[in-house]
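Colleague: What follows is my_file.txt; its format and atoms are compact mmCIF, C-alpha atoms.
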```txt
# COMPACT_ATOMS: atom_id res chain seq x y z
CA MET D 1 -0.42 7.26 -1.76
CA LYS D 2 -3.90 5.78 -2.27
CA ILE D 3 -4.27 2.08 -1.51
CA GLY D 4 -7.44 0.45 -2.80
CA ILE D 5 -8.93 -2.56 -1.02
CA ILE D 6 -10.55 -4.85 -3.58
CA GLY D 7 -11.98 -8.35 -3.69
CA LEU D 8 -14.90 -10.44 -4.79
CA LYS D 9 -18.27 -9.88 -3.20
CA TYR D 10 -18.44 -11.11 0.44
CA SER D 11 -14.67 -11.57 0.70
CA GLY D 12 -14.52 -9.45 3.84
CA LYS D 13 -12.69 -6.49 2.30
CA THR D 14 -14.99 -3.89 3.91
CA SER D 15 -14.43 -5.60 7.27
CA LEU D 16 -10.68 -5.27 6.66
CA PHE D 17 -11.14 -1.58 5.83
CA SER D 18 -13.07 -1.10 9.07
CA LEU D 19 -10.43 -3.02 11.06
CA LEU D 20 -7.52 -0.97 9.67
CA THR D 21 -9.15 2.48 9.83
CA GLY D 22 -11.33 2.01 12.90
CA ASP D 23 -14.26 3.46 10.93
CA GLU D 24 -17.75 2.09 11.33
CA VAL D 25 -19.11 1.19 7.90
CA ASN D 26 -22.61 0.40 6.69
CA PHE D 27 -22.01 -2.99 5.07
CA GLU D 28 -25.35 -2.90 3.25
CA LYS D 29 -24.37 0.15 1.18
CA ASN D 30 -22.48 -0.76 -1.96
CA GLU D 31 -20.33 2.37 -2.07
CA VAL D 32 -16.72 3.54 -1.95
CA ASN D 33 -15.42 4.16 1.58
CA HIS D 34 -12.51 6.48 2.31
CA GLY D 35 -10.41 6.29 5.46
CA VAL D 36 -6.99 6.71 7.03
CA ALA D 37 -5.12 3.89 8.76
CA LYS D 38 -2.55 4.55 11.46
CA VAL D 39 0.72 2.67 10.95
CA PRO D 40 1.64 0.95 14.25
CA ASP D 41 5.29 1.57 15.13
CA THR D 42 6.94 0.70 18.45
CA ARG D 43 9.72 3.17 17.63
CA ILE D 44 7.29 6.09 17.86
CA GLU D 45 6.02 4.72 21.18
CA ASN D 46 9.59 4.49 22.54
CA LEU D 47 10.50 7.99 21.34
CA SER D 48 7.36 9.35 23.01
CA GLU D 49 8.46 7.77 26.27
CA VAL D 50 11.76 9.66 25.97
CA TYR D 51 10.26 13.08 25.11
CA SER D 52 6.81 12.96 26.80
CA PRO D 53 5.45 15.19 24.00
CA LYS D 54 2.15 17.07 24.00
CA LYS D 55 1.27 15.15 20.86
CA THR D 56 2.29 11.85 19.28
CA THR D 57 1.54 11.36 15.59
CA PHE D 58 1.95 7.99 13.87
CA ALA D 59 2.47 7.62 10.14
CA SER D 60 -0.74 7.00 8.21
CA ILE D 61 -1.91 5.54 4.92
CA GLU D 62 -4.99 6.49 2.89
CA LEU D 63 -7.23 3.48 2.27
CA ILE D 64 -10.15 3.25 -0.14
CA ASP D 65 -12.63 0.40 0.10
CA ILE D 66 -13.95 -0.30 -3.40
CA PRO D 67 -17.28 -2.13 -3.86
CA GLY D 68 -16.77 -5.83 -4.57
CA LEU D 69 -16.03 -7.28 -7.98
CA ASP D 70 -19.04 -9.37 -9.00
CA PRO D 71 -17.79 -12.45 -10.91
CA ASN D 72 -21.32 -13.04 -12.23
CA ASN D 73 -21.63 -9.54 -13.68
CA THR D 74 -20.19 -8.85 -17.13
CA ASN D 75 -20.28 -5.08 -16.57
CA ASN D 76 -17.90 -4.03 -13.80
CA ARG D 77 -17.05 -0.67 -15.37
CA LYS D 78 -17.49 1.35 -12.15
CA PHE D 79 -15.21 -1.08 -10.30
CA PHE D 80 -12.38 -0.54 -12.77
CA GLU D 81 -12.92 3.23 -12.86
CA ASP D 82 -12.31 3.27 -9.10
CA VAL D 83 -9.36 0.87 -9.28
CA ARG D 84 -7.62 2.98 -11.93
CA LYS D 85 -7.26 5.85 -9.44
CA MET D 86 -5.32 3.71 -6.95
CA ASP D 87 -1.54 3.60 -6.52
CA MET D 88 -1.55 0.10 -4.99
CA LEU D 89 -4.12 -2.65 -4.47
CA LEU D 90 -4.87 -4.80 -1.43
CA ALA D 91 -6.85 -7.80 -2.76
CA VAL D 92 -8.84 -9.81 -0.20
CA VAL D 93 -9.76 -13.45 -0.86
CA ARG D 94 -11.84 -15.62 1.46
CA ASP D 95 -11.34 -18.95 3.14
CA PHE D 96 -14.19 -18.96 5.65
CA GLU D 97 -17.75 -20.28 5.76
CA SER D 98 -20.80 -18.08 6.41
CA ASP D 99 -24.50 -18.73 5.96
CA PHE D 100 -25.19 -15.00 6.16
CA TYR D 101 -22.52 -14.11 3.57
CA PRO D 102 -22.41 -17.09 1.20
CA ASN D 103 -19.61 -17.36 -1.32
CA PRO D 104 -21.00 -16.13 -4.70
CA LEU D 105 -18.87 -18.83 -6.35
CA LYS D 106 -20.40 -21.54 -4.09
CA GLU D 107 -17.16 -22.83 -2.57
CA ASN D 108 -13.91 -21.34 -1.28
CA ASN D 109 -10.87 -21.59 -3.53
CA ILE D 110 -8.09 -19.09 -2.84
CA GLU D 111 -6.02 -19.70 -5.96
CA ARG D 112 -9.12 -19.57 -8.18
CA ASP D 113 -10.13 -16.20 -6.69
CA ILE D 114 -6.62 -14.78 -7.05
CA SER D 115 -6.50 -15.96 -10.67
CA LEU D 116 -9.90 -14.43 -11.31
CA ILE D 117 -8.78 -11.02 -10.00
CA LYS D 118 -5.51 -11.22 -11.96
CA ASP D 119 -7.31 -12.27 -15.17
CA GLU D 120 -9.78 -9.40 -14.88
CA LEU D 121 -6.96 -6.85 -14.53
CA ILE D 122 -5.06 -8.41 -17.44
CA LEU D 123 -8.18 -8.43 -19.62
CA GLN D 124 -8.81 -4.74 -18.98
CA ASP D 125 -5.29 -3.84 -20.09
CA LEU D 126 -5.37 -6.21 -23.06
CA THR D 127 -8.64 -4.69 -24.29
CA PHE D 128 -7.14 -1.21 -24.08
CA VAL D 129 -3.90 -2.26 -25.83
CA GLU D 130 -5.80 -3.87 -28.72
CA LYS D 131 -7.91 -0.74 -29.21
CA ARG D 132 -4.84 1.45 -29.05
CA LEU D 133 -3.08 -0.70 -31.65
CA GLU D 134 -6.03 -0.33 -34.03
CA SER D 135 -5.92 3.45 -33.62
CA LEU D 136 -2.16 3.63 -34.10
CA GLU D 137 -2.31 1.43 -37.19
CA LYS D 138 -4.84 3.77 -38.81
CA SER D 139 -2.73 6.81 -37.96
CA LEU D 140 0.46 5.24 -39.35
CA LYS D 141 -1.27 4.46 -42.65
CA LYS D 142 -2.01 8.16 -43.06
CA GLN D 143 1.45 9.40 -42.09
CA LYS D 144 4.90 8.13 -41.20
CA ASN D 145 5.72 9.15 -37.64
CA GLN D 146 8.62 7.79 -35.60
CA GLU D 147 6.96 8.55 -32.26
CA LEU D 148 3.75 6.75 -33.22
CA ASN D 149 5.77 3.86 -34.64
CA THR D 150 7.66 3.50 -31.35
CA GLU D 151 4.38 3.42 -29.44
CA PHE D 152 2.99 0.86 -31.92
CA GLU D 153 5.96 -1.44 -31.28
CA THR D 154 5.63 -0.89 -27.53
CA MET D 155 1.93 -1.78 -27.55
CA ASN D 156 2.69 -4.96 -29.49
CA HIS D 157 5.21 -5.90 -26.82
CA PHE D 158 2.63 -5.18 -24.12
CA LYS D 159 0.14 -7.36 -25.97
CA GLU D 160 2.60 -10.29 -26.02
CA ILE D 161 3.15 -10.03 -22.26
CA LEU D 162 -0.56 -9.79 -21.46
CA GLU D 163 -1.55 -12.63 -23.81
CA ASP D 164 1.00 -14.76 -21.97
CA GLY D 165 -1.11 -14.25 -18.82
CA LYS D 166 1.41 -11.96 -17.15
CA PHE D 167 1.21 -8.52 -15.59
CA LEU D 168 3.13 -5.80 -17.45
CA SER D 169 5.10 -5.34 -14.24
CA GLU D 170 6.46 -8.87 -14.77
CA GLY D 171 7.74 -8.08 -18.26
CA GLU D 172 11.15 -6.70 -19.19
CA LEU D 173 10.41 -3.14 -20.25
CA SER D 174 12.85 -0.67 -21.74
CA GLU D 175 13.13 2.87 -20.40
CA LYS D 176 11.10 4.16 -23.36
CA GLU D 177 8.41 1.52 -22.83
CA ARG D 178 8.14 2.51 -19.16
CA GLU D 179 7.79 6.11 -20.24
CA ILE D 180 4.90 5.21 -22.56
CA GLU D 181 3.33 2.95 -19.92
CA SER D 182 3.30 5.79 -17.37
CA ILE D 183 1.08 7.86 -19.68
CA TYR D 184 -1.79 5.37 -19.57
CA GLY D 185 -1.67 3.98 -16.02
CA PHE D 186 -2.13 0.28 -16.75
CA PHE D 187 -3.84 -1.91 -14.14
CA THR D 188 -1.16 -4.58 -14.39
CA MET D 189 1.59 -2.13 -13.47
CA LYS D 190 -0.01 -1.62 -10.05
CA ASN D 191 1.44 -3.44 -7.08
CA VAL D 192 -1.14 -6.01 -5.88
CA MET D 193 -0.86 -7.51 -2.39
CA TYR D 194 -3.09 -10.50 -1.59
CA VAL D 195 -4.66 -11.05 1.85
CA VAL D 196 -6.46 -14.25 2.88
CA ASN D 197 -9.46 -13.67 5.16
CA THR D 198 -9.62 -17.01 6.95
CA SER D 199 -11.72 -18.61 9.69
CA GLU D 200 -10.69 -18.83 13.34
CA ASP D 201 -10.03 -22.57 12.89
CA ASN D 202 -7.46 -21.82 10.16
CA ILE D 203 -5.60 -18.95 11.85
CA THR D 204 -2.36 -20.93 12.12
CA LYS D 205 -2.68 -22.45 8.63
CA ASP D 206 0.34 -21.79 6.42
CA TYR D 207 -0.95 -19.87 3.38
CA LYS D 208 1.29 -18.57 0.60
CA HIS D 209 -0.02 -15.07 1.31
CA ILE D 210 -0.50 -12.94 4.41
CA SER D 211 -3.54 -14.26 6.28
CA PHE D 212 -5.66 -13.73 9.38
CA CYS D 213 -9.25 -13.92 10.58
CA ILE D 214 -10.58 -10.38 10.25
CA LYS D 215 -13.63 -11.14 12.42
CA THR D 216 -11.49 -12.50 15.27
CA GLU D 217 -8.95 -9.65 15.04
CA LYS D 218 -11.74 -7.09 15.31
CA GLU D 219 -13.20 -8.83 18.36
CA ILE D 220 -9.76 -8.94 20.04
CA LEU D 221 -9.17 -5.22 19.45
CA GLU D 222 -12.32 -4.48 21.46
CA LEU D 223 -10.74 -6.13 24.54
CA GLU D 224 -8.52 -4.50 27.16
CA PRO D 225 -4.76 -4.62 26.29
CA ASP D 226 -3.89 -7.30 28.87
CA GLU D 227 -6.77 -9.50 27.69
CA ARG D 228 -5.64 -9.12 24.08
CA GLU D 229 -2.24 -10.63 24.84
CA MET D 230 -3.91 -13.63 26.45
CA PHE D 231 -6.15 -14.24 23.44
CA TYR D 232 -3.31 -13.84 20.95
CA GLU D 233 -1.34 -16.44 22.89
CA GLU D 234 -4.27 -18.88 23.04
CA LEU D 235 -4.89 -18.57 19.29
CA GLY D 236 -1.21 -18.88 18.39
CA ILE D 237 -1.07 -15.39 16.88
CA LYS D 238 2.52 -14.14 17.16
CA ILE D 239 2.06 -10.82 15.35
CA PRO D 240 -1.29 -8.93 15.48
CA ALA D 241 -2.88 -8.43 12.07
CA LEU D 242 -2.64 -4.65 12.22
CA TYR D 243 1.14 -4.80 12.65
CA LYS D 244 1.57 -7.56 10.10
CA ILE D 245 -0.48 -6.05 7.30
CA MET D 246 0.82 -2.49 7.74
CA ARG D 247 4.39 -3.75 7.68
CA GLU D 248 3.65 -5.67 4.47
CA ILE D 249 1.94 -2.66 2.88
CA TYR D 250 4.94 -0.48 3.67
CA GLN D 251 7.34 -3.05 2.22
CA ASN D 252 5.27 -3.68 -0.91
CA ALA D 253 4.67 0.02 -1.54
CA GLY D 254 8.35 0.88 -1.10
CA LEU D 255 7.67 3.18 1.87
CA ILE D 256 9.75 4.08 4.92
CA SER D 257 9.33 6.35 7.95
CA PHE D 258 11.54 9.09 9.33
CA PHE D 259 10.93 10.90 12.60
CA THR D 260 10.89 14.41 14.05
CA VAL D 261 11.09 14.68 17.84
CA GLY D 262 10.59 17.28 20.56
CA LYS D 263 8.54 18.27 23.58
CA ASP D 264 5.69 19.53 21.39
CA GLU D 265 5.41 16.52 19.12
CA VAL D 266 6.98 13.19 18.23
CA ARG D 267 5.95 12.35 14.68
CA ALA D 268 6.51 9.75 11.95
CA TRP D 269 6.57 10.87 8.33
CA THR D 270 6.00 8.57 5.36
CA ILE D 271 8.25 8.81 2.30
CA LYS D 272 9.24 6.60 -0.62
CA ILE D 273 12.52 4.68 -0.49
CA ASN D 274 15.41 6.69 -2.03
CA THR D 275 13.92 10.08 -1.10
CA ASN D 276 16.62 12.70 -0.50
CA ALA D 277 16.81 14.96 2.55
CA LYS D 278 15.51 18.06 0.75
CA LYS D 279 12.39 16.24 -0.53
CA ALA D 280 11.84 14.70 2.91
CA ALA D 281 11.97 18.19 4.43
CA GLY D 282 9.15 19.15 2.06
CA LYS D 283 6.96 16.49 3.65
CA ILE D 284 7.16 18.44 6.90
CA HIS D 285 6.58 21.85 5.29
CA SER D 286 7.20 23.36 1.86
CA ASP D 287 9.25 26.20 3.43
CA LEU D 288 11.72 23.65 4.80
CA GLU D 289 12.31 22.29 1.30
CA LYS D 290 12.63 25.75 -0.28
CA GLY D 291 15.07 27.04 2.31
CA PHE D 292 16.87 23.78 3.03
CA ILE D 293 20.42 24.19 4.33
CA ARG D 294 21.35 20.98 6.17
CA ALA D 295 19.68 18.09 8.00
CA GLU D 296 20.81 17.03 11.44
CA LYS D 297 20.50 13.24 11.38
CA ILE D 298 20.76 10.35 13.78
CA ASN D 299 19.12 6.97 13.25
CA TYR D 300 16.68 5.62 15.80
CA GLU D 301 18.91 2.57 16.45
CA GLU D 302 21.81 4.88 17.36
CA PHE D 303 19.70 7.23 19.46
CA ILE D 304 17.59 4.88 21.57
CA PRO D 305 20.47 3.41 23.67
CA ILE D 306 21.41 7.00 24.70
CA LYS D 307 17.94 8.60 24.79
CA ASP D 308 19.47 12.08 24.96
CA MET D 309 20.06 14.27 21.89
CA SER D 310 22.63 16.48 23.64
CA LYS D 311 24.71 13.44 24.59
CA ALA D 312 24.35 12.06 21.07
CA LYS D 313 25.73 15.33 19.66
CA ASN D 314 28.60 15.33 22.14
CA GLU D 315 29.51 11.80 21.05
CA ASN D 316 29.38 12.90 17.37
CA LEU D 317 26.51 10.53 16.58
CA VAL D 318 24.44 13.34 15.07
CA LYS D 319 25.62 14.02 11.51
CA LEU D 320 25.04 16.99 9.22
CA GLU D 321 23.73 15.87 5.85
CA GLY D 322 23.26 17.78 2.60
CA LYS D 323 20.24 17.93 0.31
CA GLU D 324 21.23 14.83 -1.67
CA TYR D 325 21.51 12.56 1.38
CA ILE D 326 19.15 9.58 0.95
CA VAL D 327 16.97 9.35 4.04
CA GLN D 328 16.95 5.92 5.69
CA ASP D 329 14.13 4.18 7.53
CA GLY D 330 14.23 5.25 11.18
CA ASP D 331 16.24 8.44 10.66
CA ILE D 332 15.51 11.21 13.18
CA LEU D 333 15.83 14.53 11.36
CA ASN D 334 16.06 18.16 12.38
CA ILE D 335 16.01 20.44 9.33
CA ARG D 336 18.09 23.59 9.23
CA PHE D 337 16.56 26.08 6.81
CA ASN D 338 16.35 29.75 5.88
CA VAL D 339 13.57 31.52 3.96
```
Write the structure described by the file as structure tokens, please.

Modeller:
Amino acid sequence: MKIGIIGLKYSGKTSLFSLLTGDEVNFEKNEVNHGVAKVPDTRIENLSEVYSPKKTTFASIELIDIPGLDPNNTNNRKFFEDVRKMDMLLAVVRDFESDFYPNPLKENNIERDISLIKDELILQDLTFVEKRLESLEKSLKKQKNQELNTEFETMNHFKEILEDGKFLSEGELSEKEREIESIYGFFTMKNVMYVVNTSEDNITKDYKHISFCIKTEKEILELEPDEREMFYEELGIKIPALYKIMREIYQNAGLISFFTVGKDEVRAWTIKINTNAKKAAGKIHSDLEKGFIRAEKINYEEFIPIKDMSKAKNENLVKLEGKEYIVQDGDILNIRFNV
């Protein structure tokens, strides 16, 4: 899954990218940055304490930092070309002052910036829908075609939703309309999560959206672990930004983690909610999916009080599941297979 980080110019989105991935970025270059962010998970840490593996691998998410949307530029074609390739969007809006990075819109206004981003995405889809309607109308004049007529009606419905200032994802779409929508990859069907980049003075301010001071969080991460705890306490930060934002991304993207454990490696694997055991096995290796027989399963919450797989099996806590079993967040799996 590709998650694009977007925002207006000087919103701090590249700083967020750098914070989440740990990559050093040249802020002066107006270019797309690609990186991978580790998903913090105390469960992996606890399982590693049990197994003392040679290797511990956390789940990860691919992040793409897209050059800022310029509200004063009428041609943002490259921006939308990059956004179209994303599966989900992380939109950063600012609520901090900076002489070095002045707000291009003069003053901070979170709701205005969110509306601006939303309106731009809606406008892109509306423009496409109107052009598609013109094309379909011409085609229908030449020949009667039920499939084209269905698409024409669908596009008119999409137009009504968009003209009402709503995302297509907010509209009530039929199964056929969703099928047509999936062909074109509309911007307003993407999941958009908003993040407020605030100042240190406003860290404890109650925003409607997830918020933190990216600059402060980055400075704290450079400290020793014991010093970090002290600073978090002084600033009133209960949950570090990395934990908070990754948890929100997972929730918004409909993702969960399952685990594989052993002396060689303890590892978290990322899958979509409602993924069955056979598909989950394929995340580990394609051979496991092809030759899937059964999955040995115990959930983390059941395992951690015992901390011993042999004991868990003796107490019948480890279950054998078939290929259609829906993997749950925190499941520890051992795949039985034959190829």

Colleague: Point out the residue among D:Asp226, D:Asp125, D:Glu160, D:Asp119 with the least atom-to-atom distance to Met189 in chain D, counting only C-alpha atoms.

Modeller: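 The answer is D:Asp125, which sits nearest to Met189 in chain D.
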
Colleague: Applying 10 Å and all atoms listed in the file, which residues near Leu133 in chain D remain after dropping the ones on its own chain fewer than 3 positions away? List them as a PyMOL selection string.

Modeller: chain D and resi 128-130+136-139+151-156+159

Colleague: Can you pull out the residues contacting range 308-324 of chain D? Cut-off 12 Å, using all atoms listed in the file, and skip same-chain residues under 3 positions away; I want them as a PyMOL selection string.

Modeller: chain D and resi 47+49-51+261-262+274-282+288-305+327+331-337

Colleague: Find, counting all atoms listed in the file, the residue in D:Asp264, D:Asp329, D:Glu200, D:Asp287 that gets nearest to Phe96 in chain D.

Modeller: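 Ranked by minimum distance to Phe96 in chain D, first place goes to D:Glu200.
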
Colleague: Just want the 10 Å neighbourhood of Ser257 in chain D, counted on only C-alpha atoms, with same-chain residues fewer than 5 positions away dropped. Output as a CSV table (one decimal) with C-alpha atoms, in the coordinates of the input.

Modeller:
```csv
chain,number,residue,atom,x,y,z
D,39,VAL,CA,0.7,2.7,11.0
D,41,ASP,CA,5.3,1.6,15.1
D,58,PHE,CA,2.0,8.0,13.9
D,59,ALA,CA,2.5,7.6,10.1
D,250,TYR,CA,4.9,-0.5,3.7
D,267,ARG,CA,6.0,12.4,14.7
D,268,ALA,CA,6.5,9.8,12.0
D,269,TRP,CA,6.6,10.9,8.3
D,270,THR,CA,6.0,8.6,5.4
D,271,ILE,CA,8.2,8.8,2.3
D,272,LYS,CA,9.2,6.6,-0.6
D,273,ILE,CA,12.5,4.7,-0.5
D,327,VAL,CA,17.0,9.4,4.0
D,328,GLN,CA,17.0,5.9,5.7
D,329,ASP,CA,14.1,4.2,7.5
D,330,GLY,CA,14.2,5.2,11.2
D,331,ASP,CA,16.2,8.4,10.7
D,332,ILE,CA,15.5,11.2,13.2
```

Colleague: Taking 6 positions as the minimum chain separation for residues in the same chain, which residues sit within 12 Å of Phe186 in chain D when counting all atoms listed in the file? Answer as a VMD selection string.

Modeller: chain D and resid 80 to 81 83 to 88 121 to 129 155 158 162 167 to 169 178 180

Colleague: If I take CA of Ser211 in chain D and CA of Leu90 in chain D, how far is one from the other in Å, to one decimal?

Modeller: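 Separating CA of Ser211 in chain D from CA of Leu90 in chain D is a distance of 12.3 Å.
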
Colleague: Out of D:Ile203, D:Leu20, D:Met230, D:Leu173, which residue has the shortest atom-to-atom distance to Pro40 in chain D when counting all atoms listed in the file?

Modeller: D:Leu20

Colleague: For CA of Leu69 in chain D and CA of Asn252 in chain D, quote the distance in Å rounded to one decimal.

Modeller: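 Those two atoms sit 22.7 Å apart.
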
Colleague: Rounded to one decimal, what separation in Å do you get between CA of Phe258 in chain D and CA of Leu19 in chain D?

Modeller: 25.1 Å

Colleague: Could you list, as a PyMOL selection string, every residue within 7 Å of Ser11 in chain D, counting only C-alpha atoms and ignoring same-chain residues fewer than 6 positions away?

Modeller: chain D and resi 92-94
